[in-house]
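Colleague: Here you go, one structure.
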Amino acid sequence: QRDDGVEPQAGDDTKRSLEAGRRVGVPVPRTIADGQAADIPGELTFSLNRRLVDAISLVSDDEIREAMRFAFERLKIVVEPSGASALAALLAHRIDRLPRRVGVIVSGGNIDTRRFTEIIGG
């Protein structure tokens with residue numbers, strides 16, 4: 001079994017930290033995925049990721065927008081940018097060696113109508 005994480009290209013603090021084997025800080029990222037806009041992974045989160053995550057894939061804000069649009073148009077669900085990151089990675093083919101079955105957590109409660117339409121270009 002393979003467990004991958006996803007974060008925005010603009011804020012790759014977790015990817016850098018896992019590669020370094022210690023928490024690494026980055027400038028606070030400018031990304032639509034504001035829920036993932038941290039400058040350094042939290043201590044508890046980093047400790048869990050070191051044990052449970054095999055790799056981190058990076059997605060662009062445009063890929064996140066496309067995932068949000070896909071979820072809305074095809075799945076009929078509203079997804080916030082951070083909650084669309086994992087879906088964006090799958091749709092943009094950012095994750096190698098996918099298993100036969102894939103689980104993706106998609107969330108959407110932290111966005112209002114105005115911001116949603118602003119992001120997806122509605």
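Labels for the structure tokens follow display order: chains A, B, ..., residues from 1 in each chain, ligands from 1.
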List the neighbours of Asp39 in chain A out to 7 Å using only C-alpha atoms; skip same-chain residues closer than 4 positions along the sequence, and give me the result as a ChimeraX atom specification.
Modeller: /A:13,25-28
Colleague: Just want the 8 Å neighbourhood of range 69-83 of chain A, counted on only C-alpha atoms, with same-chain residues fewer than 2 positions away dropped. Output as a PyMOL selection string.
Modeller: chain A and resi 32-36+64-67+85-86+105-111+116+120
Colleague: May I have the selected residues written with C-alpha atoms, as an mmCIF file, in the first residue's frame?
Modeller:
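New file out_31.cif:
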data_model
loop_
_atom_site.group_PDB
_atom_site.id
_atom_site.type_symbol
_atom_site.label_atom_id
_atom_site.label_comp_id
_atom_site.auth_asym_id
_atom_site.auth_seq_id
_atom_site.Cartn_x
_atom_site.Cartn_y
_atom_site.Cartn_z
ATOM 1 C CA ILE A 32 -5.687 29.666 -3.447
ATOM 2 C CA ALA A 33 -5.354 26.644 -1.123
ATOM 3 C CA ASP A 34 -5.258 28.843 1.972
ATOM 4 C CA GLY A 35 -5.882 25.859 4.264
ATOM 5 C CA GLN A 36 -2.493 24.522 3.170
ATOM 6 C CA ILE A 64 -6.642 22.984 -8.126
ATOM 7 C CA ARG A 65 -9.098 25.269 -9.985
ATOM 8 C CA GLU A 66 -9.660 22.562 -12.599
ATOM 9 C CA ALA A 67 -10.308 19.977 -9.884
ATOM 10 C CA SER A 85 -5.758 19.336 -3.910
ATOM 11 C CA ALA A 86 -5.774 15.531 -3.812
ATOM 12 C CA ILE A 105 -10.497 12.803 0.657
ATOM 13 C CA VAL A 106 -12.443 15.735 -0.779
ATOM 14 C CA SER A 107 -13.841 18.463 1.459
ATOM 15 C CA GLY A 108 -15.678 21.661 0.792
ATOM 16 C CA GLY A 109 -17.286 23.289 3.781
ATOM 17 C CA ASN A 110 -14.906 26.211 4.106
ATOM 18 C CA ILE A 111 -15.833 28.293 1.043
ATOM 19 C CA PHE A 116 -16.040 29.712 -5.133
ATOM 20 C CA ILE A 120 -13.386 28.776 -10.772
#
Colleague: Please measure the separation of CA of Ala84 in chain A and CA of Thr45 in chain A, giving the value in Å to one decimal.
Modeller: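 Rounded to one decimal, the two atoms are 19.5 Å apart.
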Colleague: When you count only C-alpha atoms, which of these residues is closest to Gly5 in chain A: A:Ser17, A:Arg94, A:Arg115, A:Ala55?
Modeller: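 Result for the nearest residue to Gly5 in chain A: A:Ala55.
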Colleague: Measure the distance from CA of Ile40 in chain A to CA of Ala88 in chain A in Å and round it to one decimal.
Modeller: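 Pair CA of Ile40 in chain A / CA of Ala88 in chain A returns 22.2 Å.
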Colleague: Of the candidates A:Asp112, A:Asp4, A:Glu118, A:Glu19, which shows the shortest atom-to-atom distance to Val53 in chain A, using only C-alpha atoms?
Modeller: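 Nearest candidate to Val53 in chain A out of A:Asp112, A:Asp4, A:Glu118, A:Glu19: A:Asp4.
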